[in-house]
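Enquirer: One file: work.csv (CSV, C-alpha atoms).
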```
chain,number,residue,atom,x,y,z
A,1,MET,CA,0.0,0.0,0.0
A,2,ALA,CA,1.4,3.4,-1.0
A,3,THR,CA,2.5,5.7,1.8
A,4,VAL,CA,3.9,9.2,1.9
A,5,ASP,CA,5.9,8.7,5.1
A,6,LYS,CA,8.9,7.5,3.1
A,7,TYR,CA,9.3,11.0,1.8
A,8,ASP,CA,9.6,12.6,5.2
A,9,ASN,CA,13.5,12.3,5.2
A,10,PHE,CA,14.0,11.9,1.5
A,11,LEU,CA,16.9,14.4,1.3
A,12,SER,CA,18.8,12.5,4.0
A,13,ASN,CA,18.2,9.3,2.0
A,14,LEU,CA,19.7,10.9,-1.1
A,15,ARG,CA,22.7,12.1,0.8
A,16,GLY,CA,23.3,8.6,2.0
A,17,THR,CA,23.1,7.0,-1.5
A,18,SER,CA,26.6,6.1,-2.7
A,19,THR,CA,25.9,3.3,-5.1
A,20,SER,CA,23.7,3.0,-8.2
A,21,SER,CA,20.5,1.0,-8.1
A,22,TRP,CA,20.9,0.1,-11.8
A,23,THR,CA,20.6,-3.7,-12.3
A,24,GLU,CA,21.9,-6.1,-14.9
A,25,ALA,CA,18.3,-6.9,-15.8
A,26,GLN,CA,17.7,-3.2,-16.6
A,27,GLU,CA,20.9,-3.0,-18.6
A,28,SER,CA,19.9,-6.0,-20.6
A,29,SER,CA,16.4,-4.6,-21.3
A,30,LEU,CA,17.9,-1.2,-22.4
A,31,LEU,CA,20.3,-3.0,-24.8
A,32,GLU,CA,17.8,-5.3,-26.4
A,33,SER,CA,17.8,-3.5,-29.8
A,34,TYR,CA,21.6,-3.3,-29.7
A,35,SER,CA,21.7,-7.1,-28.9
A,36,HIS,CA,19.3,-7.7,-31.8
A,37,ILE,CA,21.6,-6.2,-34.4
A,38,THR,CA,24.9,-7.6,-33.0
A,39,ALA,CA,23.4,-11.1,-32.9
A,40,HIS,CA,23.4,-11.0,-36.7
A,41,PRO,CA,26.9,-9.6,-37.7
A,42,GLY,CA,27.7,-8.4,-41.2
A,43,GLU,CA,31.1,-8.4,-42.8
A,44,GLU,CA,32.7,-7.1,-39.6
A,45,ILE,CA,35.1,-4.9,-41.6
A,46,GLN,CA,36.1,-2.8,-38.6
A,47,GLY,CA,37.0,-5.9,-36.5
A,48,LYS,CA,39.0,-7.5,-39.3
A,49,LEU,CA,40.8,-4.2,-40.0
A,50,ILE,CA,41.8,-3.9,-36.3
A,51,GLU,CA,43.2,-7.4,-36.3
A,52,SER,CA,45.1,-6.8,-39.6
A,53,PHE,CA,46.6,-3.5,-38.5
A,54,ASN,CA,47.7,-5.0,-35.2
A,55,PHE,CA,50.2,-7.0,-37.3
A,56,TRP,CA,52.0,-3.6,-37.6
A,57,LEU,CA,51.1,-1.9,-34.4
A,58,ASN,CA,51.2,-4.6,-31.7
A,59,VAL,CA,48.7,-3.1,-29.3
A,60,PRO,CA,48.6,-4.7,-25.9
A,61,LYS,CA,45.7,-7.3,-25.7
A,62,ASP,CA,43.8,-5.4,-23.0
A,63,LYS,CA,43.8,-2.2,-24.9
A,64,LEU,CA,43.0,-3.9,-28.1
A,65,ALA,CA,39.9,-5.4,-26.5
A,66,VAL,CA,38.8,-2.0,-25.4
A,67,ILE,CA,39.3,-0.5,-28.9
A,68,LYS,CA,37.3,-3.3,-30.4
A,69,ARG,CA,34.5,-2.7,-27.9
A,70,VAL,CA,34.4,1.1,-28.5
A,71,VAL,CA,34.3,0.7,-32.3
A,72,ASP,CA,31.6,-2.0,-32.0
A,73,PHE,CA,29.4,0.3,-29.8
A,74,LEU,CA,29.8,3.2,-32.2
A,75,HIS,CA,29.4,1.2,-35.4
A,76,ASN,CA,26.2,-0.7,-34.4
A,77,GLY,CA,24.8,2.5,-32.7
A,78,CYS,CA,25.2,4.2,-36.1
A,79,LEU,CA,23.4,1.4,-37.8
A,80,LEU,CA,20.5,1.5,-35.5
A,81,ILE,CA,20.1,5.2,-36.2
A,82,ASN,CA,20.7,4.8,-40.0
A,83,ASP,CA,17.9,2.2,-40.3
A,84,ILE,CA,15.5,4.8,-38.7
A,85,LYS,CA,16.7,7.6,-41.0
A,86,TYR,CA,16.1,5.6,-44.1
A,87,ASP,CA,13.0,3.8,-42.9
A,88,SER,CA,14.7,0.5,-43.7
A,89,GLN,CA,12.9,-2.8,-43.3
A,90,LEU,CA,15.7,-5.3,-43.2
A,91,ARG,CA,19.2,-5.3,-41.9
A,92,ARG,CA,21.4,-8.4,-42.6
A,93,GLY,CA,18.3,-10.3,-43.7
A,94,ILE,CA,16.3,-9.7,-40.5
A,95,PRO,CA,13.8,-7.0,-39.5
A,96,VAL,CA,15.5,-3.8,-38.4
A,97,ALA,CA,15.6,-3.1,-34.7
A,98,HIS,CA,13.1,-0.2,-34.6
A,99,LYS,CA,10.4,-2.3,-36.3
A,100,ILE,CA,10.5,-4.6,-33.3
A,101,TYR,CA,11.5,-2.4,-30.4
A,102,GLY,CA,10.0,0.9,-31.6
A,103,ILE,CA,11.7,4.1,-32.7
A,104,PRO,CA,11.9,5.9,-29.3
A,105,GLN,CA,13.6,2.9,-27.6
A,106,THR,CA,16.0,2.2,-30.5
A,107,ILE,CA,17.1,5.9,-30.6
A,108,ASN,CA,17.7,5.9,-26.8
A,109,THR,CA,19.7,2.6,-27.0
A,110,ALA,CA,21.8,4.0,-29.9
A,111,ASN,CA,22.6,7.1,-27.8
A,112,TYR,CA,23.3,4.9,-24.8
A,113,VAL,CA,25.9,2.8,-26.6
A,114,TYR,CA,27.6,6.0,-27.8
A,115,CYS,CA,27.9,6.9,-24.1
A,116,LEU,CA,29.2,3.4,-23.3
A,117,ALA,CA,31.8,3.8,-25.9
A,118,ASN,CA,32.9,7.1,-24.5
A,119,HIS,CA,33.0,5.6,-21.0
A,120,ARG,CA,35.2,2.7,-22.2
A,121,LEU,CA,37.7,5.2,-23.6
A,122,LEU,CA,38.7,5.9,-20.0
A,123,ALA,CA,40.5,2.5,-19.9
A,124,LEU,CA,42.9,3.8,-22.6
A,125,ARG,CA,44.2,6.7,-20.5
A,126,PRO,CA,47.9,6.8,-19.8
A,127,VAL,CA,48.9,5.2,-16.5
A,128,ARG,CA,49.3,7.7,-13.7
A,129,ARG,CA,52.0,7.5,-11.0
A,130,ARG,CA,53.1,9.6,-8.1
A,131,ALA,CA,55.7,12.2,-8.8
A,132,SER,CA,59.1,11.3,-7.5
A,133,ILE,CA,60.5,13.3,-4.6
A,134,SER,CA,63.2,15.7,-5.7
A,135,SER,CA,66.5,16.2,-3.7
A,136,SER,CA,65.5,19.8,-2.9
A,137,SER,CA,62.2,18.7,-1.4
A,138,SER,CA,63.9,15.9,0.5
A,139,ASP,CA,66.4,18.4,2.0
A,140,SER,CA,63.6,20.7,3.0
A,141,GLY,CA,61.5,18.0,4.5
A,142,LEU,CA,58.7,18.6,1.9
A,143,SER,CA,57.3,15.9,-0.5
A,144,ASP,CA,55.2,16.1,-3.6
A,145,ASP,CA,52.4,13.6,-3.6
A,146,SER,CA,50.6,14.9,-6.7
A,147,ALA,CA,49.8,12.4,-9.4
A,148,THR,CA,51.4,13.0,-12.8
A,149,VAL,CA,51.0,11.4,-16.1
A,150,GLN,CA,53.7,8.8,-16.8
A,151,LYS,CA,56.3,10.0,-19.3
A,152,ALA,CA,55.5,8.7,-22.8
A,153,ASP,CA,57.5,5.5,-23.6
A,154,TYR,CA,57.1,6.3,-27.3
A,155,PRO,CA,57.8,10.1,-27.7
A,156,ASP,CA,57.7,9.7,-31.5
A,157,ARG,CA,54.0,8.7,-31.6
A,158,ILE,CA,52.1,10.4,-34.4
A,159,ILE,CA,48.9,10.0,-32.4
A,160,PRO,CA,49.5,10.8,-28.8
A,161,ASP,CA,48.0,8.6,-26.1
A,162,ARG,CA,46.2,11.4,-24.4
A,163,ASP,CA,42.9,13.3,-25.0
A,164,LEU,CA,41.5,10.2,-26.9
A,165,ASP,CA,38.0,11.4,-26.1
A,166,LEU,CA,38.7,14.5,-28.2
A,167,LEU,CA,40.0,12.3,-31.0
A,168,VAL,CA,36.8,10.3,-31.0
A,169,ALA,CA,34.6,13.3,-30.7
A,170,GLY,CA,36.3,14.9,-33.7
A,171,GLU,CA,35.7,11.8,-35.9
A,172,LEU,CA,32.1,11.6,-34.7
A,173,LEU,CA,31.6,15.1,-35.9
A,174,SER,CA,33.0,14.0,-39.3
A,175,LEU,CA,30.7,11.0,-39.3
A,176,HIS,CA,27.6,13.1,-38.7
A,177,ARG,CA,28.7,15.6,-41.3
A,178,GLY,CA,29.0,12.9,-43.9
A,179,GLN,CA,25.7,11.3,-42.9
A,180,GLY,CA,24.1,14.7,-43.0
A,181,MET,CA,25.2,15.4,-46.5
A,182,ASP,CA,24.1,12.0,-47.7
A,183,ILE,CA,20.6,12.6,-46.2
A,184,LEU,CA,20.4,16.1,-47.5
A,185,TRP,CA,21.1,15.0,-51.1
A,186,SER,CA,18.4,12.4,-50.8
A,187,ASP,CA,15.8,14.7,-49.3
A,188,THR,CA,16.4,17.5,-51.7
A,189,LEU,CA,17.0,15.3,-54.7
A,190,ARG,CA,20.3,17.0,-55.5
A,191,CYS,CA,23.0,14.8,-57.2
A,192,PRO,CA,26.5,15.5,-55.8
A,193,THR,CA,29.6,15.6,-58.0
A,194,GLU,CA,31.9,12.7,-57.8
A,195,ASP,CA,34.3,14.7,-55.7
A,196,GLU,CA,31.5,15.7,-53.3
A,197,TYR,CA,30.6,12.0,-53.0
A,198,VAL,CA,34.1,11.0,-52.2
A,199,ASP,CA,34.4,13.7,-49.5
A,200,MET,CA,31.1,12.5,-48.0
A,201,VAL,CA,32.4,8.9,-47.9
A,202,LYS,CA,35.7,10.0,-46.2
A,203,ASP,CA,33.5,11.5,-43.5
A,204,LYS,CA,30.7,9.0,-43.2
A,205,THR,CA,32.5,5.7,-43.8
A,206,GLY,CA,36.1,6.7,-43.1
A,207,SER,CA,35.4,8.2,-39.6
A,208,LEU,CA,34.8,4.9,-37.9
A,209,LEU,CA,37.8,3.2,-39.5
A,210,ARG,CA,40.0,6.2,-38.5
A,211,ILE,CA,38.7,6.0,-34.9
A,212,ALA,CA,39.8,2.3,-34.8
A,213,ILE,CA,43.3,2.9,-36.4
A,214,LYS,CA,44.0,6.2,-34.6
A,215,LEU,CA,43.2,4.6,-31.2
A,216,MET,CA,45.5,1.7,-32.1
A,217,MET,CA,48.3,4.1,-33.2
A,218,ALA,CA,47.9,5.9,-29.8
A,219,CYS,CA,48.3,2.6,-28.0
A,220,ALA,CA,50.8,0.9,-30.3
A,221,THR,CA,54.1,-0.6,-29.1
A,222,ARG,CA,55.6,-0.9,-32.6
A,223,ASN,CA,55.8,1.4,-35.7
A,224,THR,CA,54.6,4.3,-33.6
A,225,ASN,CA,56.1,6.9,-36.0
A,226,VAL,CA,54.3,5.5,-39.1
A,227,ASP,CA,51.2,7.2,-40.4
A,228,TYR,CA,48.6,4.6,-41.4
A,229,ILE,CA,45.7,7.1,-41.8
A,230,PRO,CA,46.1,7.7,-45.6
A,231,LEU,CA,45.9,3.9,-46.2
A,232,THR,CA,42.8,3.8,-43.8
A,233,ASP,CA,41.1,6.5,-45.8
A,234,LEU,CA,41.9,4.7,-49.1
A,235,ILE,CA,40.4,1.5,-47.8
A,236,GLY,CA,37.3,3.4,-46.6
A,237,VAL,CA,36.6,4.9,-50.0
A,238,GLN,CA,37.3,1.6,-51.9
A,239,TYR,CA,35.1,-0.3,-49.5
A,240,GLN,CA,32.2,2.1,-49.8
A,241,ILE,CA,32.3,2.2,-53.6
A,242,ARG,CA,32.5,-1.6,-53.6
A,243,ASN,CA,29.4,-1.7,-51.4
A,244,ASP,CA,27.6,0.6,-53.7
A,245,TYR,CA,28.4,-1.6,-56.6
A,246,MET,CA,27.4,-4.8,-54.9
A,247,ASN,CA,24.1,-3.3,-53.7
A,248,LEU,CA,23.0,-2.9,-57.3
A,249,GLN,CA,24.8,-5.9,-58.8
A,250,SER,CA,24.9,-8.7,-56.3
A,251,ASN,CA,22.4,-11.6,-56.3
A,252,GLU,CA,23.0,-12.3,-52.7
A,253,TYR,CA,20.5,-9.8,-51.4
A,254,MET,CA,17.0,-10.9,-50.5
A,255,ASP,CA,14.0,-9.4,-52.4
A,256,GLU,CA,13.5,-6.8,-49.7
A,257,ASP,CA,17.2,-5.8,-49.8
A,258,PHE,CA,17.5,-5.9,-53.5
A,259,ALA,CA,18.9,-2.6,-54.8
A,260,LYS,CA,18.3,-1.1,-51.4
A,261,ASN,CA,20.0,2.2,-52.3
A,262,LEU,CA,17.3,2.9,-54.8
A,263,SER,CA,14.6,2.3,-52.2
A,264,GLU,CA,16.3,4.7,-49.9
A,265,GLY,CA,16.9,7.4,-52.5
A,266,LYS,CA,20.6,7.3,-52.1
A,267,PHE,CA,23.1,8.9,-54.5
A,268,SER,CA,25.5,6.0,-54.5
A,269,PHE,CA,28.6,5.9,-56.7
A,270,PRO,CA,27.1,4.2,-59.8
A,271,ILE,CA,24.0,6.3,-59.5
A,272,VAL,CA,26.0,9.5,-59.4
A,273,HIS,CA,27.9,8.5,-62.5
A,274,GLY,CA,24.7,7.5,-64.3
A,275,ILE,CA,23.1,10.9,-63.6
A,276,LEU,CA,26.1,13.0,-64.5
A,277,GLU,CA,26.9,10.9,-67.6
A,278,GLN,CA,23.5,11.9,-69.1
A,279,PRO,CA,22.2,14.9,-67.1
A,280,GLU,CA,19.5,15.7,-69.6
A,281,ASN,CA,17.9,12.3,-68.9
A,282,ARG,CA,15.9,12.4,-65.6
A,283,GLN,CA,15.0,8.7,-65.4
A,284,ILE,CA,17.2,7.9,-62.5
A,285,MET,CA,16.2,11.1,-60.6
A,286,ASN,CA,12.6,10.3,-61.0
A,287,VAL,CA,13.1,6.7,-59.7
A,288,LEU,CA,15.0,8.0,-56.7
A,289,GLN,CA,12.2,10.5,-56.0
A,290,LYS,CA,9.7,7.6,-55.9
A,291,ARG,CA,12.0,5.4,-53.7
A,292,PRO,CA,10.6,2.1,-55.2
A,293,LYS,CA,10.0,-0.9,-52.9
A,294,THR,CA,9.2,-3.4,-55.7
A,295,PRO,CA,11.7,-4.8,-58.2
A,296,THR,CA,10.2,-3.5,-61.4
A,297,LEU,CA,11.6,0.1,-61.4
A,298,LYS,CA,14.7,-1.1,-59.7
A,299,ARG,CA,15.5,-3.5,-62.5
A,300,HIS,CA,14.7,-0.9,-65.1
A,301,THR,CA,17.2,1.5,-63.5
A,302,ILE,CA,19.9,-1.1,-63.1
A,303,ASN,CA,19.5,-2.0,-66.8
A,304,TYR,CA,19.8,1.7,-67.7
A,305,LEU,CA,23.0,2.0,-65.6
A,306,ARG,CA,24.5,-1.1,-67.1
A,307,ASP,CA,23.6,-0.7,-70.8
A,308,THR,CA,23.1,3.1,-71.4
A,309,THR,CA,25.5,5.0,-69.1
A,310,LYS,CA,27.9,2.1,-68.6
A,311,SER,CA,28.1,3.1,-64.9
A,312,PHE,CA,28.9,-0.4,-63.6
A,313,ASP,CA,31.8,-0.7,-66.0
A,314,TYR,CA,33.0,2.7,-64.8
A,315,THR,CA,32.5,1.8,-61.1
A,316,LEU,CA,34.4,-1.5,-61.5
A,317,THR,CA,37.3,0.3,-63.2
A,318,VAL,CA,37.5,2.7,-60.3
A,319,ILE,CA,37.3,-0.1,-57.7
A,320,ARG,CA,40.2,-1.9,-59.3
A,321,LYS,CA,42.3,1.2,-59.5
A,322,LEU,CA,41.8,1.7,-55.8
A,323,GLU,CA,42.5,-1.9,-55.0
A,324,ARG,CA,45.8,-1.7,-56.8
A,325,GLN,CA,46.7,1.4,-54.8
A,326,VAL,CA,45.8,-0.3,-51.5
A,327,LYS,CA,48.0,-3.3,-52.4
A,328,ALA,CA,50.9,-1.0,-53.4
A,329,GLU,CA,50.6,1.0,-50.1
A,330,ILE,CA,50.5,-2.2,-48.0
A,331,ALA,CA,53.7,-3.3,-49.7
A,332,ARG,CA,55.3,0.2,-49.2
A,333,LEU,CA,54.5,0.0,-45.5
A,334,GLY,CA,56.4,-3.3,-45.2
A,335,GLY,CA,53.7,-5.8,-46.1
A,336,ASN,CA,50.9,-7.2,-44.1
A,337,PRO,CA,49.7,-10.8,-44.9
A,338,MET,CA,46.5,-10.4,-42.8
A,339,LEU,CA,45.5,-7.1,-44.4
A,340,SER,CA,46.3,-8.4,-47.9
A,341,ALA,CA,44.2,-11.5,-47.4
A,342,MET,CA,41.3,-9.3,-46.2
A,343,MET,CA,41.5,-7.1,-49.2
A,344,ASP,CA,41.6,-10.2,-51.5
A,345,VAL,CA,38.3,-11.3,-49.9
A,346,LEU,CA,36.8,-7.9,-50.6
A,347,SER,CA,38.0,-7.8,-54.1
A,348,VAL,CA,35.3,-7.6,-56.8
```
Please go through the file and, once you have read it, give me the structure as structure tokens.
Expert:
Amino acid sequence: MATVDKYDNFLSNLRGTSTSSWTEAQESSLLESYSHITAHPGEEIQGKLIESFNFWLNVPKDKLAVIKRVVDFLHNGCLLINDIKYDSQLRRGIPVAHKIYGIPQTINTANYVYCLANHRLLALRPVRRRASISSSSSDSGLSDDSATVQKADYPDRIIPDRDLDLLVAGELLSLHRGQGMDILWSDTLRCPTEDEYVDMVKDKTGSLLRIAIKLMMACATRNTNVDYIPLTDLIGVQYQIRNDYMNLQSNEYMDEDFAKNLSEGKFSFPIVHGILEQPENRQIMNVLQKRPKTPTLKRHTINYLRDTTKSFDYTLTVIRKLERQVKAEIARLGGNPMLSAMMDVLSV
């Protein structure tokens, strides 16, 4: 039976509260939509990239586990939000999270895992130690008990191992800028130039890859003075253009996922080329405006891109040029069997 007496000394009770009443059951409930998407993993490009680059960087196992977890939180949190933005129906062959758990709960969960990622970053902070007592302070009988950050073991690091939260925040800004432009073009039906598309991809796709590699570079015990970010950006652009190509050409997608970029009104790489190749022909623009869900218009557009504008031939040529540059850069950096094998798997 409800009683108001428990509120008589409520402030005193608050003062005495030192531990959270948050339970594992509540945590599990809050993360249901996140668990839904992680139970059906995709290509796991971020995880594979982390393992491959660790061949060069040799990050301690405990820190590598933290980096993987941070990137996983950020990546899947972004996917939860993206599926809402584009009103997707399927993700990896199953219903998207917000169709099961609702939009409000899914948005909250995505924001929550962003916060969890930021909290996990604390584990990557440099070890702190007590400052040593100087001879002068010993002579005077005074001592310095202040905590100081341990002197860097690798002073030649390109990415310092401090302020990693600022590093991640900067890349998240880039991520949302890229996503924002991608959505803006779709909503306003404005076709970007190829250069604008590539800049968007470097922000949208490249940001999460850079977070992973920059955190690894900050925690590396080997090759700490080598800049791996240009290669990371190159892989990001090649990977996204490949995804755009596969989305319109692969037979692996289910009917609901077939040519999903057309259903979402996205200006993907082959679509941008097709529009710019014959700007006077508005077929593709009209299809994007309608955001078709059935195969008929999608197949018509794909045939147009293949036979009329030769956009798939152009896209494939670009992908292969980028693949060759990735392989050459891996070789220049000393070779990496794991990364080379991963790129071979991703080759079209």
Enquirer: With only C-alpha atoms as the atoms that count, which of A:Ser88, A:Asn76, A:Asn286, A:Ser207 lies nearest to Gly42 of chain A?
Expert: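 Among A:Ser88, A:Asn76, A:Asn286, A:Ser207, it is A:Asn76 that comes nearest to Gly42 of chain A.
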Enquirer: Rounded to one decimal, what separation in Å do you get between atom CA of Tyr34 of chain A and atom CA of Val71 of chain A?
Expert: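 Calculated distance between atom CA of Tyr34 of chain A and atom CA of Val71 of chain A is 13.6 Å.
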Enquirer: Name the residues, using the chain letters and numbers of the file, that sit within 10 Å of (48.1, -2.4, -45.3) when counting all atoms listed in the file, and give them as a VMD selection string.
Expert: chain A and resid 49 52 to 53 55 to 56 228 231 to 232 235 326 to 340 342 to 343
Enquirer: Would you mind telling me which residue in A:Thr188, A:Thr3, A:Asn243, A:Ser28 lies nearest to Ile45 of chain A when using only C-alpha atoms?
Expert: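 Checking each of A:Thr188, A:Thr3, A:Asn243, A:Ser28 against Ile45 of chain A, counting only C-alpha atoms, the winner is A:Asn243.
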Enquirer: From the set A:Leu173, A:Leu79, A:Gln278, A:Lys63, which residue has the shortest atom-to-atom contact distance to Pro126 of chain A, counting only C-alpha atoms?
Expert: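 For Pro126 of chain A, the nearest of the given residues is A:Lys63.
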Enquirer: Need the shell around Lys202 of chain A: protein/DNA/RNA residues with any atom at most 9 Å away, counting all atoms listed in the file. Skip same-chain ones fewer than 2 positions apart. Format as a ChimeraX atom specification?
Expert: /A:174-175,178,197-200,204-207,233-234,236-237
Enquirer: Write out as a list in words the residues lying within 9 Å of Leu305 of chain A, counting all atoms listed in the file and excluding same-chain residues fewer than 4 positions away.
Expert: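 Here the qualifying residues turn out to be Pro270, Ile271, His273, Gly274, Ile284, His300, Thr301, Thr309, Lys310, Ser311 and Phe312 of chain A.
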Enquirer: Restricting the calculation to only C-alpha atoms, which member of A:Leu346, A:Ala110, A:Cys219, A:Ala2 is positioned closest to Arg125 of chain A?
Expert: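 Checking each of A:Leu346, A:Ala110, A:Cys219, A:Ala2 against Arg125 of chain A, counting only C-alpha atoms, the winner is A:Cys219.
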Enquirer: How far is it from atom CA of Leu276 of chain A to atom CA of Leu189 of chain A, in Å with one decimal?
Expert: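 Here the two named atoms are 13.6 Å from each other.
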